[in-house]
Every structure is written in structure tokens, then in C-alpha cells.
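Enquirer: Please see the structure below; I have some questions.
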Amino acid sequence: MVFLQCVVEYVKKEKSCPFTGCQESVDPDGHTMKLLEANLDAMFTVYESSYTPSVVTQGSELIHVTVLTGESVSVPYYSTMTVLQLKENIKLRLKHDVNKQKLIYNNTELSDRTNSGSIATLSDFDVPPNATVYLMVLLYSIPEAFDHVVFDLHWGYPVTGADFLDASCLVYQGTALKSVCDYRGYRKSGSQQSIKPFPLSGLKHSGDIMNKIKRIGHHTINVHLKNIPTEVTKMFFTLSAWNSPNIARYPNPSLKFYQANNPTVDLCKTTFQHARTSQAVIMCSLSRNTDGTWQIYESGKLSSGNAKNYGPLSSTIVGLIRSGY
């Protein structure tokens, strides 16, 4: 239909038929042309509109987002920013999917919606400009049918001697340390002595598996989730240096956390580089939801303490739990 508009414009200008070879004159003000022009105007009405995009004025105010691994990012802050908008910024900068993010501020989770169902803003949680928000990254939501997982650690001996990089599981009910599962089996909270297995079903440590010829150590912790007592709310999986001052002394550490019947899929990020100068690192946690299902969260939090003295490690973990982790 657009070509008819071109015909009308040609007739108005040349006052003749636009067809090649036709010399017939045409009255641009004649009845036929006026009728055609009116029909075209009706078909191609141009509507005026004005659109002003929603532009947020971003000044020097920022909001800082920090991950336990030490990774951090700062994004522009504005008073009407929603929690979802902040998560989208984090996804853009740190590549963590929105549905994998759990944001904590002032010991409170920043939920996407308020209790009334409306979209939540940072102001709903009294988050001021230049505040620091902590990001927890969900690694895996364990299906209800999922049961047996394995925490599998290999490490190389230090340059001199045979030393241990210990894989341990610290078990909590709320903020109370209930037991520790390490190379000595189970031990009650507060005890540093090896005792008979504490009756906490569902956890089994391999003990020290040392290959003196290849100079490689190996620990595994098997977890049967359905056998974990209902009062247990969180389990933290840690690595710690035994005699060496830090993790860097152990060459080529290799960690996997996988479902027993699917060992090729790693459920926990191997985060060693930032922990090399630390005595211990909290690798990840298993958290029980109110419906009884479990979720695996990334940690990477550094700490002092080891299998000789879990006190400093437990203090670090309790601090994480109290802050909403």
C-alpha cells in the first residue's frame, strides 16, 4: 500500500500519470485523487507519542557485594533499587545466576518479595548506600530422592616428610557444634581425643589412606542424608593443614564433592588458590531446609584451626551461621 502514497505524491508534483509512456494529465485536486488520498490517510495514520525512558540517576553512592571467597564487586546504588535488580547486577558482573544467589545484610536474607507479595526493594530491608551485602552461592539443591554424597580429597606430601591435609565435617544443630567426623571417626563436641564412634548415623570417614610410594594422601567422607538425625541443621566440610603452617605446603590438592552414583559431576567448587596461605578453609556446607531437603552452598571462608584444635574453625563457622549463612 505504501507505493500508492508515492503515486499521490508524484501526481501532486507532476500533475500527470506516473505510468511510463502515459502522457495523460491528472488533476491532483480532482475527485478521484481526493478520495484516494483520504483512504490512504485513514490507513496510514501517524500517531504522535512521547516516551520518556525510566532513567535512574546514579551518583557516587555504591553498594558492595562480597563473597566468602574474597571475591567482591561494587555496583551503583539508588533508593528504589529492587533486590532482583541487585541480583541482575551481580549476575552481570560475577556470573552467578539470579536463582543461585542468597543475599545477606545485617543477618537478614534479602528476599525478592515482601511478606505482602510486592517486589522488595533495598529500602524494605533498610540497606543504606555504601553498605556491604554478603552473597551466598547455591551450588546445588538436592532432590528428595538424592541420598549418598561423597567428599573426596587427595593431596601430595610436602617436600619433606609425610604430612596430612585433613578433610573434616563439623555438624551443627543451630549454632551448637554437635560432633566432628574426621580421620579418627566421630568425636563429641569439645573432645579432642579419639573415642568410639559417636552415634550420629549417616556419616563415615575413610581415615588416612596414605600411598608412601607415590607420596599421595587420600580422605573420603561418605554422607547418607536420609540417615542424618533430624536435629542436625547444617554440616560444614573443611580442609586443614596438620603440621604445615598453611595449605600451600601440600602440592596438587584435588577435591571433589559428588553423588556416589554419579562421581563425574562435582557439586562443590574447588577453591584453593585464595586459601593457600591459610591454615584451614571451609569449602562448602550442607543446609537442611524446613521441608527436610538439603542444599549445598559454596563457602571458601578462610580460618585458623585444624584437626588438632577445632576451636578456631568452629568459631568461624558459628559466626557464619549467626550472620545468616
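Labeling convention for the C-alpha cells: chains A, B, ... as they appear, residues from 1 per chain, ligands from 1 in order of appearance.
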Report the closest atom pair, with its distance in Å rounded to one decimal, for each residue of region 81-167 of chain A that has an atom no farther than 10 Å from region 228-242 of chain A; count only C-alpha atoms, sort by chain and then rising residue number, and write it as a tab-separated table.

Expert:
residue	atom	partner	partner_atom	distance
A:Phe151	CA	A:Phe237	CA	8.0
A:Leu153	CA	A:Leu239	CA	8.9
A:Asp163	CA	A:Trp242	CA	6.8
A:Phe164	CA	A:Trp242	CA	5.4
A:Leu165	CA	A:Ala241	CA	4.9
A:Asp166	CA	A:Ser240	CA	5.2
A:Ala167	CA	A:Leu239	CA	4.8

Enquirer: I'd like the contact shell of region 210-222 of chain A - 6 Å cut-off, only C-alpha atoms, skipping same-chain residues fewer than 4 positions apart - returned as a list in words.

Expert: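 Once the adjacent positions are removed, what remains is Val150, Phe151, Asp152, Leu153, His154, Trp155, Gly156, Tyr157, Leu203, Lys204, His205 and Ser206 of chain A.
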
Enquirer: Tell me, as an mmCIF file with N, CA and C atoms, in the first residue's frame, which residues lie within 12 Å of region 61-71 of chain A, counting only C-alpha atoms; anything in the same chain fewer than 5 positions away does not count.

Expert:
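So around_26.cif came out as:
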data_model
loop_
_atom_site.group_PDB
_atom_site.id
_atom_site.type_symbol
_atom_site.label_atom_id
_atom_site.label_comp_id
_atom_site.auth_asym_id
_atom_site.auth_seq_id
_atom_site.Cartn_x
_atom_site.Cartn_y
_atom_site.Cartn_z
ATOM 1 N N PRO A 76 26.412 0.626 41.380
ATOM 2 C CA PRO A 76 25.734 1.871 41.759
ATOM 3 C C PRO A 76 24.479 1.602 42.589
ATOM 4 N N TYR A 77 24.297 2.426 43.591
ATOM 5 C CA TYR A 77 23.146 2.294 44.498
ATOM 6 C C TYR A 77 22.137 3.395 44.201
ATOM 7 N N TYR A 78 20.866 3.031 44.245
ATOM 8 C CA TYR A 78 19.816 4.054 44.229
ATOM 9 C C TYR A 78 18.670 3.578 45.107
ATOM 10 N N SER A 79 17.929 4.487 45.653
ATOM 11 C CA SER A 79 16.989 4.198 46.733
ATOM 12 C C SER A 79 15.877 3.246 46.322
ATOM 13 N N MET A 81 16.160 0.772 44.112
ATOM 14 C CA MET A 81 16.679 -0.485 43.569
ATOM 15 C C MET A 81 15.982 -1.670 44.228
ATOM 16 N N VAL A 83 15.655 -5.852 45.030
ATOM 17 C CA VAL A 83 16.588 -6.946 45.302
ATOM 18 C C VAL A 83 16.899 -7.695 44.008
ATOM 19 N N LEU A 86 19.459 -5.833 41.978
ATOM 20 C CA LEU A 86 20.800 -6.043 42.517
ATOM 21 C C LEU A 86 21.333 -7.407 42.091
ATOM 22 N N LYS A 87 20.491 -8.421 42.140
ATOM 23 C CA LYS A 87 20.920 -9.763 41.728
ATOM 24 C C LYS A 87 21.280 -9.801 40.244
ATOM 25 N N ASN A 89 22.517 -7.307 38.571
ATOM 26 C CA ASN A 89 23.836 -6.673 38.504
ATOM 27 C C ASN A 89 24.930 -7.664 38.883
ATOM 28 N N ILE A 90 24.664 -8.444 39.919
ATOM 29 C CA ILE A 90 25.645 -9.434 40.362
ATOM 30 C C ILE A 90 25.859 -10.492 39.278
ATOM 31 N N LYS A 91 24.776 -10.918 38.669
ATOM 32 C CA LYS A 91 24.891 -11.895 37.590
ATOM 33 C C LYS A 91 25.751 -11.348 36.453
ATOM 34 N N ARG A 93 28.092 -9.096 36.614
ATOM 35 C CA ARG A 93 29.486 -8.874 36.997
ATOM 36 C C ARG A 93 30.203 -10.147 37.455
ATOM 37 N N LEU A 94 29.512 -10.995 38.227
ATOM 38 C CA LEU A 94 30.162 -12.160 38.814
ATOM 39 C C LEU A 94 29.727 -13.486 38.194
ATOM 40 N N LYS A 95 28.744 -13.426 37.273
ATOM 41 C CA LYS A 95 28.307 -14.613 36.517
ATOM 42 C C LYS A 95 27.603 -15.668 37.371
ATOM 43 N N HIS A 96 26.997 -15.263 38.482
ATOM 44 C CA HIS A 96 26.204 -16.187 39.288
ATOM 45 C C HIS A 96 24.727 -16.005 38.945
ATOM 46 N N GLN A 101 21.522 -17.137 43.928
ATOM 47 C CA GLN A 101 22.032 -16.142 44.855
ATOM 48 C C GLN A 101 21.186 -16.048 46.124
ATOM 49 N N LYS A 102 21.864 -15.951 47.242
ATOM 50 C CA LYS A 102 21.227 -15.647 48.520
ATOM 51 C C LYS A 102 21.988 -14.475 49.124
ATOM 52 N N LEU A 103 21.309 -13.335 49.269
ATOM 53 C CA LEU A 103 21.948 -12.114 49.752
ATOM 54 C C LEU A 103 21.623 -11.902 51.222
ATOM 55 N N ILE A 104 22.661 -11.579 51.995
ATOM 56 C CA ILE A 104 22.520 -11.386 53.435
ATOM 57 C C ILE A 104 22.975 -9.977 53.797
ATOM 58 N N TYR A 105 22.126 -9.262 54.548
ATOM 59 C CA TYR A 105 22.526 -7.965 55.098
ATOM 60 C C TYR A 105 22.015 -7.873 56.530
ATOM 61 N N LEU A 122 15.661 -2.512 48.247
ATOM 62 C CA LEU A 122 16.681 -2.479 49.289
ATOM 63 C C LEU A 122 16.212 -1.681 50.502
ATOM 64 N N VAL A 127 18.643 -1.155 53.780
ATOM 65 C CA VAL A 127 20.012 -1.216 53.266
ATOM 66 C C VAL A 127 20.408 0.187 52.793
ATOM 67 N N PRO A 128 21.360 0.834 53.455
ATOM 68 C CA PRO A 128 21.743 2.197 53.082
ATOM 69 C C PRO A 128 22.779 2.199 51.963
ATOM 70 N N PRO A 129 23.032 3.352 51.365
ATOM 71 C CA PRO A 129 24.115 3.428 50.377
ATOM 72 C C PRO A 129 25.442 3.097 51.028
ATOM 73 N N ASN A 130 26.347 2.540 50.226
ATOM 74 C CA ASN A 130 27.699 2.167 50.650
ATOM 75 C C ASN A 130 27.713 1.020 51.670
ATOM 76 N N ALA A 131 26.606 0.289 51.785
ATOM 77 C CA ALA A 131 26.561 -0.872 52.664
ATOM 78 C C ALA A 131 27.240 -2.066 51.989
ATOM 79 N N THR A 132 27.599 -3.057 52.785
ATOM 80 C CA THR A 132 28.165 -4.296 52.272
ATOM 81 C C THR A 132 27.140 -5.415 52.442
ATOM 82 N N VAL A 133 26.815 -6.063 51.344
ATOM 83 C CA VAL A 133 25.882 -7.192 51.335
ATOM 84 C C VAL A 133 26.692 -8.454 51.043
ATOM 85 N N TYR A 134 26.387 -9.522 51.757
ATOM 86 C CA TYR A 134 27.131 -10.776 51.577
ATOM 87 C C TYR A 134 26.352 -11.720 50.667
ATOM 88 N N LEU A 135 27.070 -12.324 49.751
ATOM 89 C CA LEU A 135 26.473 -13.219 48.758
ATOM 90 C C LEU A 135 26.828 -14.665 49.069
ATOM 91 N N MET A 136 25.790 -15.480 49.224
ATOM 92 C CA MET A 136 25.954 -16.935 49.289
ATOM 93 C C MET A 136 25.539 -17.505 47.944
ATOM 94 N N VAL A 137 26.336 -18.417 47.425
ATOM 95 C CA VAL A 137 26.051 -19.009 46.122
ATOM 96 C C VAL A 137 25.564 -20.442 46.319
ATOM 97 N N LEU A 138 24.353 -20.693 45.877
ATOM 98 C CA LEU A 138 23.788 -22.041 45.948
ATOM 99 C C LEU A 138 24.415 -22.890 44.850
ATOM 100 N N LYS A 269 32.600 -26.332 44.311
ATOM 101 C CA LYS A 269 33.724 -25.695 43.634
ATOM 102 C C LYS A 269 35.014 -25.928 44.420
ATOM 103 N N THR A 270 36.076 -26.247 43.673
ATOM 104 C CA THR A 270 37.374 -26.430 44.306
ATOM 105 C C THR A 270 38.065 -25.089 44.401
ATOM 106 N N THR A 271 38.089 -24.522 45.589
ATOM 107 C CA THR A 271 38.620 -23.172 45.772
ATOM 108 C C THR A 271 39.842 -23.238 46.665
ATOM 109 N N PHE A 272 41.019 -23.367 46.029
ATOM 110 C CA PHE A 272 42.250 -23.472 46.795
ATOM 111 C C PHE A 272 43.141 -22.233 46.679
ATOM 112 N N GLN A 273 43.099 -21.573 45.548
ATOM 113 C CA GLN A 273 44.084 -20.531 45.283
ATOM 114 C C GLN A 273 44.070 -19.435 46.352
ATOM 115 N N HIS A 274 42.894 -18.956 46.730
ATOM 116 C CA HIS A 274 42.838 -17.885 47.722
ATOM 117 C C HIS A 274 43.145 -18.400 49.127
ATOM 118 N N ALA A 275 43.161 -19.742 49.304
ATOM 119 C CA ALA A 275 43.339 -20.328 50.629
ATOM 120 C C ALA A 275 44.760 -20.820 50.877
ATOM 121 N N VAL A 281 40.331 -23.949 55.440
ATOM 122 C CA VAL A 281 39.316 -23.326 54.598
ATOM 123 C C VAL A 281 38.029 -24.120 54.736
ATOM 124 N N ILE A 282 36.918 -23.405 54.880
ATOM 125 C CA ILE A 282 35.589 -24.029 54.908
ATOM 126 C C ILE A 282 35.129 -24.105 53.460
ATOM 127 N N MET A 283 35.093 -25.311 52.913
ATOM 128 C CA MET A 283 34.863 -25.462 51.487
ATOM 129 C C MET A 283 33.410 -25.219 51.098
ATOM 130 N N CYS A 284 32.484 -25.848 51.792
ATOM 131 C CA CYS A 284 31.076 -25.723 51.458
ATOM 132 C C CYS A 284 30.251 -26.241 52.628
ATOM 133 N N TYR A 297 25.804 -25.103 49.677
ATOM 134 C CA TYR A 297 26.226 -23.727 49.440
ATOM 135 C C TYR A 297 27.748 -23.643 49.377
ATOM 136 N N GLU A 298 28.214 -22.839 48.458
ATOM 137 C CA GLU A 298 29.640 -22.543 48.369
ATOM 138 C C GLU A 298 30.062 -21.732 49.584
ATOM 139 N N SER A 299 31.287 -21.939 50.036
ATOM 140 C CA SER A 299 31.801 -21.119 51.124
ATOM 141 C C SER A 299 33.138 -20.514 50.713
ATOM 142 N N GLY A 300 34.239 -21.228 50.998
ATOM 143 C CA GLY A 300 35.556 -20.671 50.694
ATOM 144 C C GLY A 300 36.086 -19.780 51.791
ATOM 145 N N LYS A 301 35.381 -19.734 52.936
ATOM 146 C CA LYS A 301 35.796 -18.894 54.051
ATOM 147 C C LYS A 301 37.084 -19.425 54.668
ATOM 148 N N LEU A 302 38.062 -18.543 54.871
ATOM 149 C CA LEU A 302 39.336 -18.920 55.468
ATOM 150 C C LEU A 302 39.242 -18.895 56.983
ATOM 151 N N SER A 303 40.096 -19.694 57.634
ATOM 152 C CA SER A 303 40.068 -19.764 59.088
ATOM 153 C C SER A 303 41.382 -20.328 59.595
ATOM 154 N N THR A 316 34.683 -19.617 63.632
ATOM 155 C CA THR A 316 34.433 -19.021 62.321
ATOM 156 C C THR A 316 33.084 -19.480 61.776
ATOM 157 N N ILE A 317 32.796 -20.766 61.915
ATOM 158 C CA ILE A 317 31.537 -21.311 61.398
ATOM 159 C C ILE A 317 30.341 -20.737 62.136
ATOM 160 N N LEU A 320 29.486 -17.469 60.824
ATOM 161 C CA LEU A 320 28.769 -17.568 59.553
ATOM 162 C C LEU A 320 27.291 -17.885 59.782
ATOM 163 N N SER A 323 25.339 -14.962 61.012
ATOM 164 C CA SER A 323 25.159 -13.905 60.014
ATOM 165 C C SER A 323 24.184 -14.311 58.915
ATOM 166 N N TYR A 325 24.320 -17.419 57.222
ATOM 167 C CA TYR A 325 24.849 -18.386 56.263
ATOM 168 C C TYR A 325 24.244 -19.763 56.496
#

Enquirer: Using only C-alpha atoms, which residue out of A:Asp208, A:Asp112, A:Asp147, A:Asp97 lies closest to Thr82 (chain A)?

Expert: A:Asp112

Enquirer: Calculated over only C-alpha atoms, which of the candidates A:Ser168, A:Asn306, A:Asn107, A:Thr114 has the smallest distance to Cys181 (chain A)?

Expert: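 Counting only C-alpha atoms, the residue closest to Cys181 (chain A) is A:Ser168.
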
Enquirer: Would you please extract all strand (DSSP E) residues from region 90-127 of chain A, as assigned by DSSP on the backbone, and give them as a list in words?

Expert: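 Of region 90-127 of chain A, only Gln101, Lys102, Leu103, Ile104, Tyr105, Thr108 and Glu109 of chain A fall in strand (DSSP E).
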
Enquirer: Check the DSSP output for the backbone and give back, as a list in words, the residues of region 80-252 of chain A in alpha helix (DSSP H).

Expert: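 Alpha helix (DSSP H) assignments inside region 80-252 of chain A correspond to Val83, Leu84, Gln85, Leu86, Lys87, Glu88, Asn89, Ile90, Lys91, Leu92, Arg93 and Leu94 of chain A.
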
Enquirer: Grab the CA of Leu139 (chain A) to CA of Val265 (chain A) distance for me, in Å with one decimal place.

Expert: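 Separation between CA of Leu139 (chain A) and CA of Val265 (chain A): 11.8 Å.
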
Enquirer: Using only C-alpha atoms, determine which residues lie at most 9 Å from Ile142 (chain A), disregarding the query and same-chain residues fewer than 3 positions distant; provide the list as a VMD selection string.

Expert: chain A and resid 145 to 147 293 to 296

Enquirer: Save the residues we just selected, all heavy atoms, as a compact mmCIF listing (two decimals), in the first residue's frame?

Expert:
# COMPACT_ATOMS: atom_id res chain seq x y z
N ALA A 145 14.96 -37.55 46.47
CA ALA A 145 15.40 -38.93 46.30
C ALA A 145 16.92 -39.09 46.40
O ALA A 145 17.44 -40.20 46.51
CB ALA A 145 14.93 -39.45 44.94
N PHE A 146 17.63 -38.00 46.39
CA PHE A 146 19.09 -37.96 46.43
C PHE A 146 19.54 -38.30 47.86
O PHE A 146 19.05 -37.74 48.82
CB PHE A 146 19.47 -36.52 46.07
CG PHE A 146 20.93 -36.28 45.78
CD1 PHE A 146 21.32 -35.91 44.51
CD2 PHE A 146 21.88 -36.35 46.76
CE1 PHE A 146 22.65 -35.63 44.24
CE2 PHE A 146 23.20 -36.08 46.51
CZ PHE A 146 23.59 -35.72 45.23
N ASP A 147 20.49 -39.22 48.01
CA ASP A 147 20.86 -39.63 49.37
C ASP A 147 22.36 -39.61 49.62
O ASP A 147 22.85 -38.87 50.44
CB ASP A 147 20.30 -41.03 49.66
CG ASP A 147 20.68 -41.54 51.04
OD1 ASP A 147 20.82 -40.70 51.96
OD2 ASP A 147 20.85 -42.75 51.21
N THR A 293 14.58 -31.14 52.96
CA THR A 293 15.52 -31.29 51.84
C THR A 293 16.82 -30.54 52.16
O THR A 293 16.87 -29.72 53.07
CB THR A 293 14.91 -30.76 50.54
OG1 THR A 293 14.55 -29.38 50.71
CG2 THR A 293 13.67 -31.56 50.15
N TRP A 294 17.85 -30.83 51.37
CA TRP A 294 19.17 -30.25 51.63
C TRP A 294 19.62 -29.38 50.45
O TRP A 294 19.27 -29.64 49.30
CB TRP A 294 20.20 -31.35 51.85
CG TRP A 294 19.98 -32.16 53.10
CD1 TRP A 294 19.20 -33.27 53.23
CD2 TRP A 294 20.57 -31.92 54.38
NE1 TRP A 294 19.25 -33.73 54.52
CE2 TRP A 294 20.09 -32.94 55.25
CE3 TRP A 294 21.45 -30.96 54.89
CZ2 TRP A 294 20.46 -33.01 56.59
CZ3 TRP A 294 21.82 -31.03 56.22
CH2 TRP A 294 21.33 -32.05 57.06
N GLN A 295 20.42 -28.38 50.77
CA GLN A 295 21.05 -27.53 49.76
C GLN A 295 22.53 -27.41 50.05
O GLN A 295 22.96 -27.35 51.21
CB GLN A 295 20.41 -26.14 49.74
CG GLN A 295 18.99 -26.12 49.21
CD GLN A 295 18.41 -24.72 49.16
OE1 GLN A 295 18.58 -23.93 50.09
NE2 GLN A 295 17.73 -24.39 48.07
N ILE A 296 23.32 -27.38 48.98
CA ILE A 296 24.77 -27.23 49.09
C ILE A 296 25.13 -25.79 48.74
O ILE A 296 24.80 -25.30 47.65
CB ILE A 296 25.51 -28.18 48.15
CG1 ILE A 296 25.11 -29.64 48.42
CG2 ILE A 296 27.03 -28.03 48.31
CD1 ILE A 296 25.69 -30.62 47.43

Enquirer: Please indicate the distance in Å from CA of Asn227 (chain A) to CA of Ser314 (chain A), rounded to one decimal place.

Expert: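 Taking CA of Asn227 (chain A) as the start and CA of Ser314 (chain A) as the end point, the length is 23.4 Å.
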